[in-house]
Amino acid sequence: MTSFDSTPPLNVGRLLLALAVVFVMLATTGWTAVRHQRESTALRASLTAWEEGRVDGRALPDPSAAPGRLSRFFATLTSAQRGTLAHRYPLAVGNMNGAPAELRYRANRIALREQVRIERARMRDARLSPAGQHEAGRRMQRYESMSDGDRKILAFDPDGAGRAAEVFGDLDSAQRISVVVPGVDTALLTFQRTYRKYSAPVGMAQALYAAEREASPKTRTAVIAWADYTSPAGLGIDSATAMRAESGAIRLNALVRALPGVSPVSLFCHSYGSVVCGVAAHTLPERVSDIAVAGSPGMRVESAAQLRTSARVWAMRDADDWVQDVPYLELGGLGHGADPVASGFGARVLSAREAKGHAGYFEPGTDSLRNFAGIGAGVYDSVRCAADDDGCREDLSGTTTAGRA
């Protein structure tokens, strides 16, 4: 069973366990384990074309400019001009923080349909191996599904293993916004699943969106399935270090700062996604009201106070989650620090009753999902604490820089 006792001081046994884990990782993956990627070209080419483009005789702004500046630029354009830019530079516009959400959806539909054509041609390319042709077919089917006119794809990059983000609800009118940050092995081909639907980012976000509407029907919410960072591939060295989390944290911070309006934002960070959220915490804007982690291997700190955030910090772990057996420490850059559900960490510990192991926190009917929904919808008095202890709901009227309200 999971223990919520304070993390004990490092002793010889734990040190040997950590070294054993490191040895296994080195033996099976090596120090240089990286995800195999095709050369990143499509998005870069679209951005280069944008930088050289013009509209109505005017040069286009730097695509990496602050979201506010880009937002003001798009506001000066007519609807026809915005549509022209989406068609000319679909990947650039579709991934541009500061572009209107609806325009990004339109641009990404255009980009996805172009990728369908590319992958269909690759399926018949005799230069590819049968395995390569099969992967092209899988990608084509995924792109066809994502290009459906009803879907709201906020980000899309086909290069390498791929990245994506999808919105459920209306970002512009939402009174509360939730962002689901997934963990290892997140890519375009794992962005959604039919089997074990709620273990993939799309299923997680769909379940959370439905549960938030049930928790507070009058609250307008929006949920983002955010798989727009390069996650570690499997449980190798990449997943034991912060390298992927550091680059992911930059992208997560950029996303949050570009969200429309001023509505509170809640982050729901699963597994390695909690490492990303931990690294990002001190850089996030104050509109981030809550950071909730599930199945966390650690947040790269020893306590919630060290996250240096004004957000409430919540944590949960299912009793059958294997992640409880990882060494909760950081040693020479390996490992992710203290256990977030340990009492000494200082997070608000939530019930995960009925969750389905490490990948089952977003399963409908579970305490874990109901708790996430209560936080996301701002119905804090509905959350259930771990061990039937109401301590996680204390002092919910305010927040402190220690990460606890």
# chains A, B, ... in the order shown; residues from 1 in each chain; ligands from 1
>>> residues_around(residues="stretch 285-300 of chain A", least_positions_apart="5", cutoff="6 Å", atoms="only C-alpha atoms", output="JSON, numbers by chain")
{"A": [264, 265, 266, 267, 268, 269, 270, 271, 274, 275, 278, 311, 312, 313, 314, 315, 316, 317, 336, 337, 338, 339, 358]}
>>> write_last_selection(atoms="C-alpha atoms", output="mmCIF file, in the first residue's frame")
data_model
loop_
_atom_site.group_PDB
_atom_site.id
_atom_site.type_symbol
_atom_site.label_atom_id
_atom_site.label_comp_id
_atom_site.auth_asym_id
_atom_site.auth_seq_id
_atom_site.Cartn_x
_atom_site.Cartn_y
_atom_site.Cartn_z
ATOM 1 C CA PRO A 264 -7.712 30.845 -13.825
ATOM 2 C CA VAL A 265 -5.680 27.983 -15.252
ATOM 3 C CA SER A 266 -5.214 24.566 -13.620
ATOM 4 C CA LEU A 267 -2.477 22.132 -14.632
ATOM 5 C CA PHE A 268 -3.041 18.365 -14.362
ATOM 6 C CA CYS A 269 0.320 16.684 -14.658
ATOM 7 C CA HIS A 270 0.640 12.923 -15.010
ATOM 8 C CA SER A 271 3.801 10.879 -14.428
ATOM 9 C CA SER A 274 4.677 16.301 -13.222
ATOM 10 C CA VAL A 275 8.423 16.781 -13.719
ATOM 11 C CA GLY A 278 7.658 21.115 -11.385
ATOM 12 C CA ALA A 311 -0.567 28.040 -7.111
ATOM 13 C CA ARG A 312 -2.094 25.426 -4.840
ATOM 14 C CA VAL A 313 -0.141 22.170 -5.189
ATOM 15 C CA TRP A 314 -2.105 18.906 -5.110
ATOM 16 C CA ALA A 315 -0.839 15.328 -5.351
ATOM 17 C CA MET A 316 -2.330 11.850 -5.582
ATOM 18 C CA ARG A 317 -1.142 8.297 -6.134
ATOM 19 C CA HIS A 336 13.403 13.791 -9.582
ATOM 20 C CA GLY A 337 13.497 14.576 -5.882
ATOM 21 C CA ALA A 338 11.052 14.021 -3.042
ATOM 22 C CA ASP A 339 7.755 12.154 -3.185
ATOM 23 C CA HIS A 358 -0.333 4.280 -13.111
#
>>> residues_around(residues="A:Glu51", least_positions_apart="4", cutoff="9 Å", atoms="only C-alpha atoms", output="list in words")
Ser46, Leu47, Ala59, Leu60, Pro61, Asp62 and Pro63 of chain A
>>> write_last_selection(atoms="N, CA and C atoms", output="mmCIF file, in the first residue's frame")
data_model
loop_
_atom_site.group_PDB
_atom_site.id
_atom_site.type_symbol
_atom_site.label_atom_id
_atom_site.label_comp_id
_atom_site.auth_asym_id
_atom_site.auth_seq_id
_atom_site.Cartn_x
_atom_site.Cartn_y
_atom_site.Cartn_z
ATOM 1 N N SER A 46 7.996 26.415 -42.752
ATOM 2 C CA SER A 46 6.848 27.316 -42.696
ATOM 3 C C SER A 46 7.203 28.610 -41.981
ATOM 4 N N LEU A 47 7.987 28.509 -40.910
ATOM 5 C CA LEU A 47 8.407 29.700 -40.174
ATOM 6 C C LEU A 47 9.340 30.566 -41.018
ATOM 7 N N ALA A 59 5.653 43.921 -43.733
ATOM 8 C CA ALA A 59 6.411 42.752 -43.300
ATOM 9 C C ALA A 59 5.665 42.082 -42.150
ATOM 10 N N LEU A 60 5.777 40.771 -42.071
ATOM 11 C CA LEU A 60 5.136 40.028 -40.985
ATOM 12 C C LEU A 60 6.008 40.083 -39.732
ATOM 13 N N PRO A 61 5.416 40.073 -38.552
ATOM 14 C CA PRO A 61 6.208 40.175 -37.314
ATOM 15 C C PRO A 61 7.008 38.907 -37.044
ATOM 16 N N ASP A 62 7.981 39.046 -36.177
ATOM 17 C CA ASP A 62 8.779 37.903 -35.748
ATOM 18 C C ASP A 62 7.835 36.851 -35.150
ATOM 19 N N PRO A 63 7.849 35.606 -35.677
ATOM 20 C CA PRO A 63 6.914 34.601 -35.148
ATOM 21 C C PRO A 63 7.177 34.222 -33.699
#
>>> closest_atom_pairs(of="stretch 334-395 of chain A", to="stretch 210-229 of chain A", cutoff="8 Å", atoms="only C-alpha atoms", output="tab-separated table")
residue	atom	partner	partner_atom	distance
A:Pro364	CA	A:Ala211	CA	7.9
A:Leu369	CA	A:Ala211	CA	7.2
A:Arg370	CA	A:Ala211	CA	6.6
A:Ala373	CA	A:Glu212	CA	4.5
A:Gly374	CA	A:Ala215	CA	6.2
A:Gly376	CA	A:Glu212	CA	6.6
A:Ala377	CA	A:Glu212	CA	5.5
A:Val379	CA	A:Ser216	CA	7.1
>>> write_last_selection(atoms="N, CA and C atoms", output="tab-separated table (two decimals), in the first residue's frame")
chain	number	residue	atom	x	y	z
A	364	PRO	N	-13.28	7.46	-15.95
A	364	PRO	CA	-14.56	7.91	-15.39
A	364	PRO	C	-14.96	7.04	-14.19
A	369	LEU	N	-10.44	11.26	-10.93
A	369	LEU	CA	-11.03	12.14	-11.94
A	369	LEU	C	-12.00	13.13	-11.30
A	370	ARG	N	-12.80	12.67	-10.35
A	370	ARG	CA	-13.73	13.60	-9.68
A	370	ARG	C	-12.96	14.72	-8.98
A	373	ALA	N	-11.67	17.14	-11.53
A	373	ALA	CA	-12.78	17.95	-12.05
A	373	ALA	C	-13.17	19.04	-11.05
A	374	GLY	N	-13.20	18.72	-9.77
A	374	GLY	CA	-13.53	19.71	-8.76
A	374	GLY	C	-12.53	20.86	-8.75
A	376	GLY	N	-10.50	21.68	-11.37
A	376	GLY	CA	-10.57	22.37	-12.65
A	376	GLY	C	-11.75	23.30	-12.75
A	377	ALA	N	-12.88	22.89	-12.19
A	377	ALA	CA	-14.09	23.72	-12.23
A	377	ALA	C	-14.16	24.72	-11.09
A	379	VAL	N	-14.60	23.97	-7.91
A	379	VAL	CA	-15.51	23.52	-6.86
A	379	VAL	C	-14.68	22.79	-5.81
>>> closest_residue(among="A:Ala249, A:Ala111, A:Ala254, A:Met204", to="A:Gly98", atoms="only C-alpha atoms")
A:Ala254
>>> atom_distance(atom1="atom CA of A:Val202", atom2="atom CA of A:Ala164")
10.1 Å
>>> select_by_dssp(residues="stretch 140-309 of chain A", states="strand (DSSP E or B)", output="PDB file with N, CA and C atoms, in the first residue's frame")
ATOM      1  N   LYS A 152     -10.545  20.782 -32.587  1.00  0.00           N
ATOM      2  CA  LYS A 152      -9.883  22.066 -32.373  1.00  0.00           C
ATOM      3  C   LYS A 152      -8.411  21.810 -32.033  1.00  0.00           C
ATOM      4  N   ILE A 153      -7.609  21.669 -33.074  1.00  0.00           N
ATOM      5  CA  ILE A 153      -6.188  21.371 -32.890  1.00  0.00           C
ATOM      6  C   ILE A 153      -5.440  22.683 -32.699  1.00  0.00           C
ATOM      7  N   LEU A 154      -4.922  22.891 -31.511  1.00  0.00           N
ATOM      8  CA  LEU A 154      -4.271  24.153 -31.148  1.00  0.00           C
ATOM      9  C   LEU A 154      -2.802  24.170 -31.546  1.00  0.00           C
ATOM     10  N   ALA A 155      -2.187  23.012 -31.680  1.00  0.00           N
ATOM     11  CA  ALA A 155      -0.787  22.917 -32.081  1.00  0.00           C
ATOM     12  C   ALA A 155      -0.590  21.612 -32.828  1.00  0.00           C
ATOM     13  N   PHE A 156       0.279  21.641 -33.828  1.00  0.00           N
ATOM     14  CA  PHE A 156       0.554  20.437 -34.615  1.00  0.00           C
ATOM     15  C   PHE A 156       1.923  20.569 -35.269  1.00  0.00           C
ATOM     16  N   ASP A 157       2.790  19.606 -35.004  1.00  0.00           N
ATOM     17  CA  ASP A 157       4.105  19.535 -35.637  1.00  0.00           C
ATOM     18  C   ASP A 157       4.339  18.086 -36.038  1.00  0.00           C
ATOM     19  N   ARG A 163       4.235  16.424 -32.324  1.00  0.00           N
ATOM     20  CA  ARG A 163       3.653  17.091 -31.164  1.00  0.00           C
ATOM     21  C   ARG A 163       2.280  17.611 -31.535  1.00  0.00           C
ATOM     22  N   ALA A 164       1.416  17.749 -30.540  1.00  0.00           N
ATOM     23  CA  ALA A 164       0.071  18.246 -30.811  1.00  0.00           C
ATOM     24  C   ALA A 164      -0.571  18.749 -29.529  1.00  0.00           C
ATOM     25  N   ALA A 165      -1.607  19.571 -29.695  1.00  0.00           N
ATOM     26  CA  ALA A 165      -2.459  19.987 -28.582  1.00  0.00           C
ATOM     27  C   ALA A 165      -3.866  20.155 -29.130  1.00  0.00           C
ATOM     28  N   GLU A 166      -4.853  19.773 -28.326  1.00  0.00           N
ATOM     29  CA  GLU A 166      -6.243  19.862 -28.759  1.00  0.00           C
ATOM     30  C   GLU A 166      -7.089  20.470 -27.653  1.00  0.00           C
ATOM     31  N   VAL A 167      -8.076  21.273 -28.045  1.00  0.00           N
ATOM     32  CA  VAL A 167      -8.940  21.985 -27.097  1.00  0.00           C
ATOM     33  C   VAL A 167     -10.324  21.355 -27.084  1.00  0.00           C
ATOM     34  N   PHE A 168     -10.883  21.223 -25.892  1.00  0.00           N
ATOM     35  CA  PHE A 168     -12.270  20.803 -25.701  1.00  0.00           C
ATOM     36  C   PHE A 168     -12.969  21.940 -24.957  1.00  0.00           C
ATOM     37  N   GLY A 169     -14.022  22.482 -25.580  1.00  0.00           N
ATOM     38  CA  GLY A 169     -14.670  23.656 -25.038  1.00  0.00           C
ATOM     39  C   GLY A 169     -14.246  24.898 -25.800  1.00  0.00           C
ATOM     40  N   ARG A 176     -12.857  28.984 -16.667  1.00  0.00           N
ATOM     41  CA  ARG A 176     -11.733  28.259 -16.093  1.00  0.00           C
ATOM     42  C   ARG A 176     -11.139  27.378 -17.190  1.00  0.00           C
ATOM     43  N   ILE A 177      -9.814  27.293 -17.223  1.00  0.00           N
ATOM     44  CA  ILE A 177      -9.104  26.520 -18.245  1.00  0.00           C
ATOM     45  C   ILE A 177      -8.237  25.473 -17.558  1.00  0.00           C
ATOM     46  N   SER A 178      -8.293  24.246 -18.055  1.00  0.00           N
ATOM     47  CA  SER A 178      -7.466  23.154 -17.541  1.00  0.00           C
ATOM     48  C   SER A 178      -6.510  22.691 -18.629  1.00  0.00           C
ATOM     49  N   VAL A 179      -5.300  22.327 -18.238  1.00  0.00           N
ATOM     50  CA  VAL A 179      -4.296  21.820 -19.173  1.00  0.00           C
ATOM     51  C   VAL A 179      -3.817  20.467 -18.665  1.00  0.00           C
ATOM     52  N   VAL A 180      -3.964  19.434 -19.497  1.00  0.00           N
ATOM     53  CA  VAL A 180      -3.488  18.092 -19.164  1.00  0.00           C
ATOM     54  C   VAL A 180      -2.085  17.936 -19.725  1.00  0.00           C
ATOM     55  N   VAL A 181      -1.121  17.644 -18.847  1.00  0.00           N
ATOM     56  CA  VAL A 181       0.285  17.498 -19.238  1.00  0.00           C
ATOM     57  C   VAL A 181       0.681  16.024 -19.060  1.00  0.00           C
ATOM     58  N   THR A 221     -16.077  25.859 -18.916  1.00  0.00           N
ATOM     59  CA  THR A 221     -14.711  25.368 -18.818  1.00  0.00           C
ATOM     60  C   THR A 221     -14.165  25.000 -20.198  1.00  0.00           C
ATOM     61  N   ALA A 222     -12.859  24.950 -20.295  1.00  0.00           N
ATOM     62  CA  ALA A 222     -12.171  24.438 -21.476  1.00  0.00           C
ATOM     63  C   ALA A 222     -10.995  23.608 -20.995  1.00  0.00           C
ATOM     64  N   VAL A 223     -10.712  22.536 -21.712  1.00  0.00           N
ATOM     65  CA  VAL A 223      -9.617  21.640 -21.347  1.00  0.00           C
ATOM     66  C   VAL A 223      -8.711  21.455 -22.556  1.00  0.00           C
ATOM     67  N   ILE A 224      -7.408  21.521 -22.328  1.00  0.00           N
ATOM     68  CA  ILE A 224      -6.422  21.332 -23.390  1.00  0.00           C
ATOM     69  C   ILE A 224      -5.675  20.028 -23.160  1.00  0.00           C
ATOM     70  N   ALA A 225      -5.699  19.149 -24.166  1.00  0.00           N
ATOM     71  CA  ALA A 225      -4.820  17.973 -24.177  1.00  0.00           C
ATOM     72  C   ALA A 225      -3.500  18.452 -24.753  1.00  0.00           C
ATOM     73  N   TRP A 226      -2.507  18.642 -23.881  1.00  0.00           N
ATOM     74  CA  TRP A 226      -1.266  19.298 -24.288  1.00  0.00           C
ATOM     75  C   TRP A 226      -0.142  18.271 -24.430  1.00  0.00           C
ATOM     76  N   ALA A 227       0.084  17.843 -25.651  1.00  0.00           N
ATOM     77  CA  ALA A 227       1.195  16.928 -25.954  1.00  0.00           C
ATOM     78  C   ALA A 227       2.179  17.653 -26.861  1.00  0.00           C
ATOM     79  N   VAL A 265      -6.161  29.157 -14.529  1.00  0.00           N
ATOM     80  CA  VAL A 265      -5.680  27.983 -15.252  1.00  0.00           C
ATOM     81  C   VAL A 265      -5.226  26.939 -14.244  1.00  0.00           C
ATOM     82  N   SER A 266      -5.654  25.685 -14.455  1.00  0.00           N
ATOM     83  CA  SER A 266      -5.214  24.566 -13.620  1.00  0.00           C
ATOM     84  C   SER A 266      -4.417  23.595 -14.475  1.00  0.00           C
ATOM     85  N   LEU A 267      -3.306  23.100 -13.930  1.00  0.00           N
ATOM     86  CA  LEU A 267      -2.477  22.132 -14.632  1.00  0.00           C
ATOM     87  C   LEU A 267      -2.670  20.755 -13.991  1.00  0.00           C
ATOM     88  N   PHE A 268      -2.877  19.739 -14.831  1.00  0.00           N
ATOM     89  CA  PHE A 268      -3.041  18.365 -14.362  1.00  0.00           C
ATOM     90  C   PHE A 268      -1.930  17.546 -14.990  1.00  0.00           C
ATOM     91  N   CYS A 269      -0.966  17.180 -14.172  1.00  0.00           N
ATOM     92  CA  CYS A 269       0.320  16.684 -14.658  1.00  0.00           C
ATOM     93  C   CYS A 269       0.495  15.221 -14.259  1.00  0.00           C
ATOM     94  N   HIS A 270       0.573  14.352 -15.264  1.00  0.00           N
ATOM     95  CA  HIS A 270       0.640  12.923 -15.010  1.00  0.00           C
ATOM     96  C   HIS A 270       2.049  12.394 -15.227  1.00  0.00           C
ATOM     97  N   VAL A 288      -2.149  30.845 -13.070  1.00  0.00           N
ATOM     98  CA  VAL A 288      -2.136  29.408 -12.761  1.00  0.00           C
ATOM     99  C   VAL A 288      -2.484  29.257 -11.290  1.00  0.00           C
ATOM    100  N   SER A 289      -3.695  28.782 -11.024  1.00  0.00           N
ATOM    101  CA  SER A 289      -4.194  28.720  -9.651  1.00  0.00           C
ATOM    102  C   SER A 289      -3.912  27.384  -8.980  1.00  0.00           C
ATOM    103  N   ASP A 290      -3.749  26.328  -9.794  1.00  0.00           N
ATOM    104  CA  ASP A 290      -3.594  24.987  -9.229  1.00  0.00           C
ATOM    105  C   ASP A 290      -2.649  24.155 -10.081  1.00  0.00           C
ATOM    106  N   ILE A 291      -1.794  23.382  -9.411  1.00  0.00           N
ATOM    107  CA  ILE A 291      -0.952  22.384 -10.070  1.00  0.00           C
ATOM    108  C   ILE A 291      -1.228  21.063  -9.372  1.00  0.00           C
ATOM    109  N   ALA A 292      -1.838  20.119 -10.095  1.00  0.00           N
ATOM    110  CA  ALA A 292      -2.190  18.818  -9.517  1.00  0.00           C
ATOM    111  C   ALA A 292      -1.398  17.725 -10.223  1.00  0.00           C
ATOM    112  N   VAL A 293      -0.724  16.880  -9.452  1.00  0.00           N
ATOM    113  CA  VAL A 293       0.096  15.820 -10.042  1.00  0.00           C
ATOM    114  C   VAL A 293      -0.445  14.459  -9.639  1.00  0.00           C
ATOM    115  N   ALA A 294      -0.314  13.508 -10.550  1.00  0.00           N
ATOM    116  CA  ALA A 294      -0.766  12.135 -10.296  1.00  0.00           C
ATOM    117  C   ALA A 294       0.302  11.168 -10.776  1.00  0.00           C
ATOM    118  N   VAL A 301      12.161  18.916  -6.811  1.00  0.00           N
ATOM    119  CA  VAL A 301      12.350  19.699  -5.597  1.00  0.00           C
ATOM    120  C   VAL A 301      12.149  18.778  -4.399  1.00  0.00           C
ATOM    121  N   THR A 309       5.843  28.898  -6.327  1.00  0.00           N
ATOM    122  CA  THR A 309       4.628  29.229  -7.062  1.00  0.00           C
ATOM    123  C   THR A 309       3.546  29.677  -6.100  1.00  0.00           C
TER     124      THR A 309
END
>>> closest_residue(among="A:Val323, A:Leu171, A:Val279, A:Met146", to="A:Glu102", atoms="only C-alpha atoms")
A:Leu171
>>> residues_around(residues="A:Arg120", least_positions_apart="6", cutoff="9 Å", atoms="only C-alpha atoms", output="ChimeraX atom specification")
/A:136-137,140
>>> closest_residue(among="A:Pro67, A:Pro100, A:Pro201, A:Gly57", to="A:Asn253", atoms="only C-alpha atoms")
A:Pro67
>>> residues_around(residues="A:Arg113", least_positions_apart="5", cutoff="9 Å", atoms="only C-alpha atoms", output="JSON, numbers by chain")
{"A": [108, 118, 143, 144, 147]}
>>> closest_residue(among="A:Trp322, A:Phe73, A:Tyr89, A:Tyr328", to="A:Gly360", atoms="only C-alpha atoms")
A:Trp322
>>> residues_around(residues="A:Phe362", least_positions_apart="6", cutoff="8 Å", atoms="only C-alpha atoms", output="MDAnalysis selection string")
chainID A and resid 198:199 204 207:208 355 368:369
>>> write_last_selection(atoms="N, CA and C atoms", output="short mmCIF file (atom, residue, chain, number, x, y, z; two decimals), in the first residue's frame")
data_model
loop_
_atom_site.label_atom_id
_atom_site.label_comp_id
_atom_site.auth_asym_id
_atom_site.auth_seq_id
_atom_site.Cartn_x
_atom_site.Cartn_y
_atom_site.Cartn_z
N TYR A 198 -8.44 6.29 -21.91
CA TYR A 198 -8.19 7.33 -20.93
C TYR A 198 -6.75 7.37 -20.43
N SER A 199 -5.88 6.59 -21.07
CA SER A 199 -4.46 6.66 -20.76
C SER A 199 -3.72 7.55 -21.75
N MET A 204 -7.78 11.58 -21.80
CA MET A 204 -7.68 12.24 -20.51
C MET A 204 -8.44 13.56 -20.51
N ALA A 207 -12.29 13.12 -20.80
CA ALA A 207 -12.87 12.68 -19.53
C ALA A 207 -12.92 13.83 -18.53
N LEU A 208 -11.86 14.63 -18.48
CA LEU A 208 -11.82 15.76 -17.54
C LEU A 208 -12.85 16.81 -17.91
N ALA A 355 -8.83 4.49 -8.93
CA ALA A 355 -7.96 4.71 -10.09
C ALA A 355 -7.38 3.36 -10.53
N SER A 368 -10.06 9.95 -8.42
CA SER A 368 -9.01 10.78 -9.01
C SER A 368 -9.59 11.74 -10.03
N LEU A 369 -10.44 11.26 -10.93
CA LEU A 369 -11.03 12.14 -11.94
C LEU A 369 -12.00 13.13 -11.30
#
>>> select_by_dssp(residues="stretch 128-362 of chain A", states="alpha helix (DSSP H)", output="ChimeraX atom specification")
/A:130-146,201-215,237-240,243-258,272-280
